[in-house]
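Presented below is the structure to which this report refers.
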Number of protein chains: 2
Amino acid sequence: MTVAVLCGGVGAARFLRALAMVHPASDTVAVVNTADDTVLHGLAISPDLDTVAYTLAGVIDPERGWGLEGETWQAMGALGRFEPVRPTGSAAAPTWFNLGDKDLATHFYRTARLAEGASLTEVTAEIGRAFGLEQRLLPMSDEPVRTMVTLADDGIEAPFQEYFVRLRHSVPVSAVRFAHDDARPTDAVLRALEQASCIVVAPSNPLVSIAPIRCLPGVDALLAGRRESVVAVSPLVGGAALKGPADRMMSELGLRADVVGVAGLYAPIAGALVIDPVDAHLAGDVEAAGMRAVVTPSIMSDPDVAARLAAATLAAAAQ
Amino acid sequence: MTVAVLCGGVGAARFLRALAMVHPASDTVAVVNTADDTVLHGLAISPDLDTVAYTLAGVIDPERGWGLEGETWQAMGALGRFEPVRPTGSAAAPTWFNLGDKDLATHFYRTARLAEGASLTEVTAEIGRAFGLEQRLLPMSDEPVRTMVTLADDGIEAPFQEYFVRLRHSVPVSAVRFAHDDARPTDAVLRALEQASCIVVAPSNPLVSIAPIRCLPGVDALLAGRRESVVAVSPLVGGAALKGPADRMMSELGLRADVVGVAGLYAPIAGALVIDPVDAHLAGDVEAAGMRAVVTPSIMSDPDVAARLAAATLAAAAQ
C-alpha cells in the first residue's frame, strides 16, 4: 500500500517523518513543490526538496527547521566583502539568502548534474540516495515553475524568495501566481498519484506550497477523480500557521484564515480534512464546506503525537 | 611611469608583491592569464586572477600559496557524500579541486556578475576593489581560452586543471595547446601593453601561464615591437621551477629546462632575462640566445631579496 504525499517544506517534512513511524518509508512517495526553487550565485536551489531530504535523513537543523545541523557560514560571511563594489542595478552576491557551507555541496551536485543534462527527477533520486532515504522523493515537475507574489503596498510582483526570505514574509500580498512555460507534472508524479492507495495533502501552505502542484495540468483533475482517498492535514491550527505566512496570506487574499478556509480550498480534491481539537468547534463548518472533518491532535511537537496524527490521517483516507 | 606585468599565478603574485615595495601600486597593471580558468559546480573559477588578488591583498594562505588564509573546507567535505551516487560518466561534484568556503564567495560574485552580462574585465576590477587593491588587474581576454594538455602516456588531451590539480602535474605531457574561438586580448590589455613604460614577464610558467597571453592575436607582435623595454624574470633557478611543473614540462616538450631554454622562448619578445646567481655560468649562453642576462638573486623567500629583484628588473627594463 503506497502513500503519496503532496509536500511543501518544513510542515510536510515533519509529517513525512511522522508517517515513517506508522508506514513503511519504502512505500511512501513525496511529491514536492519546486515553485520556490531559485538560482543564486549560479547554483540551482530547491528549498522544499532539500528540507524534506534533510529532515528525513535526520540531519536537519532542529532549531531553524531548514538547512543542516552543525552548519557553518563562512561563504556567506565572505560574501559581504562584495556588497560595497556591486554596481547599482546588480543583484550579484545576495547576502539575504543564507546558504550554509555544508548545504552548498547539495547545490553544487544538483547544479552540475542538471548542467550535464540530468532531469531534476533523476538528480533528486540521487540526492535521496546520498542521504540514505528510503522514501521516494519526486519534484512535482522537471520544468521550472516560479511562484510570483504581488506585494500589496506597492503593487510590485516579486519572486517568492524575495518575499519569503528577503522581506521575511512581513508585508501583505495581494496576489499569487505561478509563472511557467507549459510546465507539466512528470510522468513519475502522475503515476504515483494514480497508483497510490491513498494521497495525503501535507500540512503545508495551501497557497504557495500545494497550489503550485495543483496548478500543473492534470493534477487537480486526477485528485478530484479520487477525492475519497485523498485526505488533507490542515496547516492552520486555531487560525494560525505553525510556521510561515499561510494564515496572513489567506486573510490578505480574502479567504478565511482557519480550517474552514482550508476546507474551502481543498474540498474539490480531498474527501477529508484532519483538524486539531482546538478547531473541533468548526468541524460542522468544515463538513458544510464539503469535507469530512477528522479531529486529532496535529501539532507535531512530540513524536508520539506526530505518529498518532500520521496514523489518523491514513485511517481517514482508508475510510 | 606605468609598469605592466604579464602574470600567471603564484610566482607572478609574489613578484607583484615585491614590485609594490619599489614602485607605486597605482602605476602597476597586471595582465593575467585566464587559460586555466574553469567552471566547477556551475561556478566561474579564475585561479590566476584570484591568486594575484589574494596575494596583493595580503590574505593569501602563505603555506599553500593559493586560497585564503584561515580557510575552512566544509563545502568540500560535504561533497564527498555524493560520490557514491554519481552515475557512471558523470563528472558532477568533483572533490579533487579544492575550493575553500570563504574563497567560494569570490566565485559566487564572479559567476553572478558574468551571468548579469558584465565582462570578466569589469568583474575583475570590482573584485580588485573589494580586496582593496591599488594595482589594476586585467584578465588577458574577456573570451574563454582553455589550455589543453596532451598526456604523453596515453595520448589523451586533458583540460589544464585535470592535469595540474587532479593528476598533480605528476605525469609527462607531450603537447600543450590553447583552445579558443577567436579570443582576443581586451582593448584594456592592448592599451596597457602599448602605454606602459616597461613590461615585465613575471617568473611564471612560460608554457602554460605566459604562452596563453602571447597566443592572443597582436600580443606577441606588440611585445616584439618594443622588446628593449620588455624584461623577463626566469621562473627556473638552477634548472628547477620553484613551484609547479615548468621544468619538467620544458624537458618533456624538448626544450632545455634552464635559463637558456627560457631565453630561447622569450628572446623574440624581451630584451633582457633576469637570472639567479646560481645560473651566472649560463649568462653567456643566455646572451647567445639573444637576451641580455641580468644576474640578481631571484628567490623571493625574503622581502628584501624580493624588493631588490623587483628593483633590478625595473632597472634592466630602463636600460
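Each chain in the C-alpha cells gets a letter, A, B, ..., in the order shown, and its residues are numbered from 1; ligands are numbered from 1 in order too.
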Report as CSV: every residue of range 144-236 of chain B with an atom at most 7 Å from range 26-43 of chain B, its closest pair of atoms, and their distance in Å to one decimal, counting only C-alpha atoms, with rows sorted by chain and ascending residue number.
```
residue,atom,partner,partner_atom,distance
B:Val145,CA,B:Ala35,CA,4.9
B:Arg146,CA,B:Ala35,CA,4.6
B:Thr147,CA,B:Ala35,CA,5.3
B:Phe160,CA,B:Asp36,CA,6.0
B:Gln161,CA,B:Asp36,CA,6.6
B:Val189,CA,B:Val31,CA,6.6
B:Ser209,CA,B:Asn33,CA,5.8
B:Ile210,CA,B:Asn33,CA,6.9
B:Pro212,CA,B:Ala35,CA,6.3
B:Ile213,CA,B:Asn33,CA,6.0
```
Wanna dump the chain A-chain B contacts at 8 Å for me, each residue with its shortest atom pair and the distance in Å to one decimal, counting only C-alpha atoms, ordered by chain and number, as a tab-separated table?
```
residue	atom	partner	partner_atom	distance
A:Leu40	CA	B:Ala112	CA	7.7
A:His41	CA	B:Phe108	CA	4.7
A:Gly42	CA	B:Gly42	CA	6.0
A:Leu43	CA	B:Gly42	CA	6.5
A:Thr72	CA	B:Gln74	CA	7.5
A:Gln74	CA	B:Lys102	CA	5.3
A:Ala75	CA	B:Lys102	CA	4.5
A:Met76	CA	B:Ala105	CA	6.9
A:Gly77	CA	B:Lys102	CA	7.5
A:Ala78	CA	B:Lys102	CA	5.3
A:Leu79	CA	B:Ala105	CA	4.9
A:Arg81	CA	B:Ala130	CA	5.9
A:Phe82	CA	B:Ala130	CA	5.6
A:Pro84	CA	B:Ala130	CA	7.2
A:Val85	CA	B:Glu126	CA	5.7
A:Arg86	CA	B:Glu126	CA	7.1
A:Ser90	CA	B:Glu116	CA	7.4
A:Ala91	CA	B:Ala112	CA	8.0
A:Ala92	CA	B:Ala112	CA	5.0
A:Ala93	CA	B:Tyr109	CA	5.1
A:Asp101	CA	B:Ala75	CA	4.9
A:Lys102	CA	B:Ala75	CA	4.5
A:Asp103	CA	B:Ala75	CA	7.1
A:Leu104	CA	B:Ala75	CA	5.9
A:Ala105	CA	B:Leu79	CA	4.9
A:Thr106	CA	B:Leu79	CA	7.3
A:Phe108	CA	B:His41	CA	4.7
A:Tyr109	CA	B:Ala93	CA	5.0
A:Thr111	CA	B:His41	CA	6.1
A:Ala112	CA	B:Ala92	CA	5.0
A:Arg113	CA	B:Ala92	CA	5.7
A:Ala115	CA	B:Gly42	CA	7.7
A:Glu116	CA	B:Ser90	CA	7.4
A:Glu126	CA	B:Val85	CA	5.6
A:Ile127	CA	B:Phe82	CA	7.2
A:Arg129	CA	B:Val85	CA	6.6
A:Ala130	CA	B:Phe82	CA	5.6
A:Phe131	CA	B:Arg81	CA	7.7
```
Legend entry - Residue list (alpha helix (DSSP H), DSSP) for range 153-249 of chain B, as a ChimeraX atom specification: /B:160-161,187-195,211-215,219-225,246-249
Could you please take those selected residues and save N, CA, C and O atoms as an mmCIF file, in the first residue's frame?
```
data_model
loop_
_atom_site.group_PDB
_atom_site.id
_atom_site.type_symbol
_atom_site.label_atom_id
_atom_site.label_comp_id
_atom_site.auth_asym_id
_atom_site.auth_seq_id
_atom_site.Cartn_x
_atom_site.Cartn_y
_atom_site.Cartn_z
ATOM 1 N N PHE B 160 43.498 21.724 -18.591
ATOM 2 C CA PHE B 160 44.658 22.006 -17.755
ATOM 3 C C PHE B 160 44.467 21.596 -16.294
ATOM 4 O O PHE B 160 45.362 21.003 -15.691
ATOM 5 N N GLN B 161 43.319 21.915 -15.707
ATOM 6 C CA GLN B 161 43.154 21.632 -14.278
ATOM 7 C C GLN B 161 43.112 20.126 -13.997
ATOM 8 O O GLN B 161 43.467 19.697 -12.899
ATOM 9 N N ASP B 187 40.784 45.378 -25.174
ATOM 10 C CA ASP B 187 41.342 46.691 -25.513
ATOM 11 C C ASP B 187 42.167 47.218 -24.341
ATOM 12 O O ASP B 187 43.214 47.845 -24.541
ATOM 13 N N ALA B 188 41.704 46.974 -23.129
ATOM 14 C CA ALA B 188 42.434 47.456 -21.949
ATOM 15 C C ALA B 188 43.820 46.827 -21.882
ATOM 16 O O ALA B 188 44.806 47.487 -21.538
ATOM 17 N N VAL B 189 43.920 45.558 -22.227
ATOM 18 C CA VAL B 189 45.232 44.886 -22.224
ATOM 19 C C VAL B 189 46.132 45.472 -23.297
ATOM 20 O O VAL B 189 47.301 45.804 -23.044
ATOM 21 N N LEU B 190 45.609 45.625 -24.498
ATOM 22 C CA LEU B 190 46.433 46.163 -25.588
ATOM 23 C C LEU B 190 46.900 47.577 -25.250
ATOM 24 O O LEU B 190 48.071 47.920 -25.452
ATOM 25 N N ARG B 191 45.997 48.390 -24.713
ATOM 26 C CA ARG B 191 46.376 49.761 -24.337
ATOM 27 C C ARG B 191 47.443 49.745 -23.258
ATOM 28 O O ARG B 191 48.423 50.490 -23.322
ATOM 29 N N ALA B 192 47.260 48.889 -22.259
ATOM 30 C CA ALA B 192 48.237 48.824 -21.159
ATOM 31 C C ALA B 192 49.604 48.411 -21.695
ATOM 32 O O ALA B 192 50.633 48.969 -21.290
ATOM 33 N N LEU B 193 49.622 47.446 -22.599
ATOM 34 C CA LEU B 193 50.912 46.972 -23.117
ATOM 35 C C LEU B 193 51.548 48.016 -24.050
ATOM 36 O O LEU B 193 52.775 48.101 -24.151
ATOM 37 N N GLU B 194 50.731 48.806 -24.708
ATOM 38 C CA GLU B 194 51.269 49.871 -25.568
ATOM 39 C C GLU B 194 51.800 51.020 -24.739
ATOM 40 O O GLU B 194 52.851 51.603 -25.059
ATOM 41 N N GLN B 195 51.079 51.367 -23.687
ATOM 42 C CA GLN B 195 51.376 52.621 -22.980
ATOM 43 C C GLN B 195 52.339 52.451 -21.805
ATOM 44 O O GLN B 195 52.884 53.441 -21.315
ATOM 45 N N ALA B 211 52.540 31.768 -22.196
ATOM 46 C CA ALA B 211 52.216 31.446 -23.592
ATOM 47 C C ALA B 211 50.760 31.740 -23.958
ATOM 48 O O ALA B 211 50.497 32.229 -25.064
ATOM 49 N N PRO B 212 49.777 31.469 -23.071
ATOM 50 C CA PRO B 212 48.393 31.776 -23.461
ATOM 51 C C PRO B 212 48.183 33.268 -23.720
ATOM 52 O O PRO B 212 47.416 33.636 -24.610
ATOM 53 N N ILE B 213 48.866 34.126 -22.940
ATOM 54 C CA ILE B 213 48.747 35.573 -23.185
ATOM 55 C C ILE B 213 49.365 35.898 -24.546
ATOM 56 O O ILE B 213 48.790 36.624 -25.355
ATOM 57 N N ARG B 214 50.524 35.310 -24.806
ATOM 58 C CA ARG B 214 51.232 35.564 -26.063
ATOM 59 C C ARG B 214 50.466 35.046 -27.275
ATOM 60 O O ARG B 214 50.631 35.566 -28.384
ATOM 61 N N CYS B 215 49.656 34.027 -27.077
ATOM 62 C CA CYS B 215 48.949 33.438 -28.226
ATOM 63 C C CYS B 215 47.798 34.306 -28.709
ATOM 64 O O CYS B 215 47.260 34.083 -29.794
ATOM 65 N N VAL B 219 49.435 40.287 -29.487
ATOM 66 C CA VAL B 219 50.236 40.484 -28.277
ATOM 67 C C VAL B 219 51.727 40.259 -28.554
ATOM 68 O O VAL B 219 52.571 41.095 -28.207
ATOM 69 N N ASP B 220 52.044 39.127 -29.182
ATOM 70 C CA ASP B 220 53.465 38.843 -29.403
ATOM 71 C C ASP B 220 54.104 39.907 -30.306
ATOM 72 O O ASP B 220 55.227 40.353 -30.053
ATOM 73 N N ALA B 221 53.369 40.333 -31.329
ATOM 74 C CA ALA B 221 53.903 41.361 -32.230
ATOM 75 C C ALA B 221 54.111 42.671 -31.482
ATOM 76 O O ALA B 221 55.116 43.366 -31.682
ATOM 77 N N LEU B 222 53.173 42.997 -30.615
ATOM 78 C CA LEU B 222 53.296 44.230 -29.833
ATOM 79 C C LEU B 222 54.544 44.176 -28.946
ATOM 80 O O LEU B 222 55.331 45.123 -28.885
ATOM 81 N N LEU B 223 54.727 43.035 -28.269
ATOM 82 C CA LEU B 223 55.896 42.886 -27.397
ATOM 83 C C LEU B 223 57.186 42.920 -28.222
ATOM 84 O O LEU B 223 58.155 43.587 -27.854
ATOM 85 N N ALA B 224 57.199 42.197 -29.330
ATOM 86 C CA ALA B 224 58.397 42.150 -30.172
ATOM 87 C C ALA B 224 58.765 43.547 -30.657
ATOM 88 O O ALA B 224 59.951 43.904 -30.741
ATOM 89 N N GLY B 225 57.752 44.351 -30.931
ATOM 90 C CA GLY B 225 57.982 45.695 -31.442
ATOM 91 C C GLY B 225 58.611 46.626 -30.414
ATOM 92 O O GLY B 225 59.121 47.697 -30.758
ATOM 93 N N ALA B 246 57.022 23.664 -14.449
ATOM 94 C CA ALA B 246 57.631 24.314 -15.618
ATOM 95 C C ALA B 246 58.866 23.569 -16.093
ATOM 96 O O ALA B 246 59.071 23.373 -17.301
ATOM 97 N N ASP B 247 59.725 23.136 -15.159
ATOM 98 C CA ASP B 247 60.977 22.478 -15.567
ATOM 99 C C ASP B 247 60.701 21.159 -16.287
ATOM 100 O O ASP B 247 61.205 20.907 -17.383
ATOM 101 N N ARG B 248 59.837 20.345 -15.691
ATOM 102 C CA ARG B 248 59.535 19.062 -16.326
ATOM 103 C C ARG B 248 58.842 19.249 -17.681
ATOM 104 O O ARG B 248 59.155 18.572 -18.654
ATOM 105 N N MET B 249 57.895 20.192 -17.721
ATOM 106 C CA MET B 249 57.181 20.424 -18.988
ATOM 107 C C MET B 249 58.156 20.839 -20.083
ATOM 108 O O MET B 249 58.043 20.386 -21.228
#
```
Legend entry - Shell of 9 Å around Thr124 in chain B, only C-alpha atoms, local chain residues under 6 positions omitted, as a PyMOL selection string: chain B and resi 49+110+137-139
Legend entry - Nearby residues (only C-alpha atoms) at most 6 Å from Val295 in chain B, same-chain spacing under 6 positions excluded, as a count of residues only: 4
Inset, instruction - Show which residues sit within 8 Å of Arg292 in chain B, as number ranges by chain. Count only C-alpha atoms, and ignore same-chain residues fewer than 5 positions away. - result: B: 271-273, 286-287
Legend entry - Filtered DSSP result for range 19-184 of chain A, state strand (DSSP E or B), as a ChimeraX atom specification: /A:28-32,38-40,43-45,60,68,136-139,141,145-151,157-159,173-180
Inset, instruction - Kindly indicate which residue among A:Leu242, A:Leu120, A:Met300, A:Ala179 lies nearest to Ser204 in chain A, using only C-alpha atoms for the distances. - result: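 Of all the options, A:Leu242 lies closest to Ser204 in chain A.
Of note, CA of Thr296 in chain A and CA of Arg14 in chain A are spaced 16.2 Å apart.
Among the candidate residues A:Leu282, A:Gly264, A:Asn98, A:Leu207, the one lying nearest to Gly239 in chain A is A:Leu282, with distances computed using only C-alpha atoms.
Proximity to Glu134 in chain B was assessed for B:Gly254, B:Pro203, B:Pro24, B:Gly70 counting only C-alpha atoms; the smallest distance is recorded for B:Pro24.
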Legend entry - Among listed residues A:Asp279, A:Glu162, A:Asp181, A:Asp285, nearest Thr95 in chain A (using only C-alpha atoms): A:Glu162
Legend entry - Contacts of range 56-64 of chain B within 8 Å, only C-alpha atoms, excl. fewer than 3 positions in-chain, as a list in words: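 The filter keeps Ala13, Leu16, Arg17, Thr51, Val52, Ala53, Gly67, Leu68, Glu69, Gly70, Phe131, Gly132 and Leu133 of chain B.
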Write to file, as an mmCIF file, in the first residue's frame, the residues of the selection just made, with N, CA and C atoms.
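result_28.cif was written with the following content:
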```cif
data_model
loop_
_atom_site.group_PDB
_atom_site.id
_atom_site.type_symbol
_atom_site.label_atom_id
_atom_site.label_comp_id
_atom_site.auth_asym_id
_atom_site.auth_seq_id
_atom_site.Cartn_x
_atom_site.Cartn_y
_atom_site.Cartn_z
ATOM 1 N N ALA B 13 52.326 36.552 -8.618
ATOM 2 C CA ALA B 13 51.735 37.245 -7.478
ATOM 3 C C ALA B 13 52.825 37.703 -6.511
ATOM 4 N N LEU B 16 54.660 40.619 -8.026
ATOM 5 C CA LEU B 16 53.885 41.863 -7.912
ATOM 6 C C LEU B 16 53.940 42.422 -6.493
ATOM 7 N N ARG B 17 53.909 41.523 -5.522
ATOM 8 C CA ARG B 17 54.008 41.968 -4.128
ATOM 9 C C ARG B 17 55.364 42.623 -3.887
ATOM 10 N N THR B 51 44.678 34.205 -7.285
ATOM 11 C CA THR B 51 45.962 34.106 -6.582
ATOM 12 C C THR B 51 46.639 35.477 -6.537
ATOM 13 N N VAL B 52 46.595 36.199 -7.640
ATOM 14 C CA VAL B 52 47.191 37.540 -7.662
ATOM 15 C C VAL B 52 46.447 38.471 -6.700
ATOM 16 N N ALA B 53 45.117 38.463 -6.769
ATOM 17 C CA ALA B 53 44.336 39.367 -5.916
ATOM 18 C C ALA B 53 44.551 39.047 -4.436
ATOM 19 N N GLY B 67 44.562 30.295 -2.433
ATOM 20 C CA GLY B 67 43.433 30.290 -1.500
ATOM 21 C C GLY B 67 43.644 31.241 -0.340
ATOM 22 N N LEU B 68 42.621 31.359 0.473
ATOM 23 C CA LEU B 68 42.628 32.340 1.547
ATOM 24 C C LEU B 68 43.198 31.770 2.843
ATOM 25 N N GLU B 69 43.864 32.629 3.594
ATOM 26 C CA GLU B 69 44.365 32.194 4.897
ATOM 27 C C GLU B 69 43.174 31.983 5.842
ATOM 28 N N GLY B 70 43.352 31.089 6.799
ATOM 29 C CA GLY B 70 42.282 30.819 7.755
ATOM 30 C C GLY B 70 41.055 30.197 7.104
ATOM 31 N N PHE B 131 38.913 43.813 -2.596
ATOM 32 C CA PHE B 131 40.083 43.421 -1.805
ATOM 33 C C PHE B 131 41.032 44.595 -1.573
ATOM 34 N N GLY B 132 40.586 45.805 -1.950
ATOM 35 C CA GLY B 132 41.373 46.997 -1.654
ATOM 36 C C GLY B 132 42.670 47.114 -2.443
ATOM 37 N N LEU B 133 42.729 46.497 -3.621
ATOM 38 C CA LEU B 133 43.963 46.545 -4.417
ATOM 39 C C LEU B 133 44.112 47.903 -5.098
#
```
Legend entry - Between CA of Leu309 in chain B and CA of Met1 in chain B - distance in Å to one decimal: 18.4 Å
Legend entry - Spatial neighbours of Ser170 in chain B, 10 Å, only C-alpha atoms, chain gap at least 6 places, as number ranges by chain: B: 163-164, 244-245, 248
